[in-house]
Amino acid sequence: AACWMATPIFNATNRVGLAFRIGIASTLVTVAVIFVGSRFGLTGVAIAVCASSVLSIGVYGVALSIVGLGARSLATLLQGPLIAAVVMWALVAFVGTLPAMAALAPAVRLATEVALGASAYVLALLLVARAHAQEALAVLRVVVAR
C-alpha cells in the first residue's frame with residue numbers, strides 16, 4: 001500500500017517497526033475507502049483508490065524527513081510525474097468528448113484511451129522529468145529481461 005516506496009528508507013534507517021505499522025494502517029485505510037467507494041460503483045472505487053494514494057505521499061514525506069529531506073525534496077520529486085499525469089488526464093478527457101470516440105465499441109474506446117493516455121504520460125514525462133522516464137525505462141528493462 002502506501003509504504004512500498006518508503007520501505008527501503010525505513011529499512012536503511014532501522015525503522016522496520018515503523019514501516020510495519022504504517023503498512024498495516026495504510027492497508028486498513030485503503031480497504032475502508034475502497035469499501036465505501038464501492039457503494040458508488042466503479043467510479044467510486046476509482047476515486048477511493050486515488051484518495052488513498054494521497055496517503056502514500058504523506059508516508060513518503062515521513063520517510064524523506066527521516067533522512068533529512070523535507071517537503072521541498074518531496075515536491076521536486078513529484079512535480080514532473082504530476083505534470084505528466086495532468087497532461088495525460090487532459091488529453092484523455094478531451095478525446096473522450098469527441099463524437100468519434102462515442103461511436104466506438106466500449107472495449108475499443110477503452111483500449112484507445114489507455115494507449116493515448118500512456119503515450120501522453122510518457123511523452124510529457126520525457127519533456128518535464130527526463131530522469132524519471134529514464135529510471136522507469138531501466139526498471140522496465142529489468143522486468144522484461146526476467
# chains A, B, ... in the order shown; residues from 1 in each chain; ligands from 1
call {"tool": "residues_around", "arguments": {"residues": "Tyr121 (chain A)", "least_positions_apart": "4", "cutoff": "7 Å", "atoms": "only C-alpha atoms", "output": "list in words"}}
result
Ala84, Ala85, Val87, Met88, Gly117 and Leu125 of chain A
call {"tool": "residues_around", "arguments": {"residues": "Ile47 (chain A)", "least_positions_apart": "6", "cutoff": "10 Å", "atoms": "only C-alpha atoms", "output": "ChimeraX atom specification"}}
result
/A:33-34,37-38,40,53
call {"tool": "residues_around", "arguments": {"residues": "Glu113 (chain A)", "least_positions_apart": "3", "cutoff": "12 Å", "atoms": "only C-alpha atoms", "output": "PyMOL selection string"}}
result
chain A and resi 88-98+101-102+104+106-110+116-121
call {"tool": "residues_around", "arguments": {"residues": "Ala131 (chain A)", "least_positions_apart": "6", "cutoff": "12 Å", "atoms": "only C-alpha atoms", "output": "compact mmCIF listing (two decimals) with N, CA, C and O atoms, in the first residue's frame"}}
result
# COMPACT_ATOMS: atom_id res chain seq x y z
N LEU A 77 10.48 15.92 -6.29
CA LEU A 77 10.37 14.54 -6.76
C LEU A 77 9.06 14.28 -7.48
O LEU A 77 9.02 13.57 -8.49
N GLY A 80 7.37 16.51 -11.73
CA GLY A 80 7.34 16.01 -13.11
C GLY A 80 6.24 14.99 -13.34
O GLY A 80 5.44 15.13 -14.27
N PRO A 81 6.16 13.94 -12.50
CA PRO A 81 5.09 12.97 -12.69
C PRO A 81 3.69 13.58 -12.55
O PRO A 81 2.77 13.18 -13.26
N VAL A 122 4.05 9.27 -21.04
CA VAL A 122 5.47 9.02 -21.31
C VAL A 122 6.10 10.22 -22.01
O VAL A 122 7.19 10.67 -21.63
N LEU A 125 6.39 13.08 -19.57
CA LEU A 125 7.44 12.78 -18.59
C LEU A 125 8.82 12.98 -19.21
O LEU A 125 9.73 13.51 -18.57
N LEU A 137 12.29 3.41 -17.53
CA LEU A 137 12.73 2.54 -18.62
C LEU A 137 13.75 1.51 -18.14
O LEU A 137 13.72 0.36 -18.57
N ALA A 138 14.64 1.90 -17.25
CA ALA A 138 15.62 0.96 -16.71
C ALA A 138 14.93 -0.14 -15.92
O ALA A 138 15.28 -1.33 -16.06
call {"tool": "closest_residue", "arguments": {"among": "A:Phe10, A:Gly58, A:Thr30, A:Val139", "to": "Val45 (chain A)", "atoms": "only C-alpha atoms"}}
result
A:Thr30
call {"tool": "residues_around", "arguments": {"residues": "Val16 (chain A)", "least_positions_apart": "6", "cutoff": "12 Å", "atoms": "only C-alpha atoms", "output": "list of chain:residue names"}}
result
A:Cys3, A:Ala6, A:Thr7, A:Pro8, A:Ile9, A:Phe10, A:Ile22, A:Gly23, A:Ala63
call {"tool": "select_by_dssp", "arguments": {"residues": "chain A", "states": "alpha helix (DSSP H)", "output": "count of residues only"}}
result
124
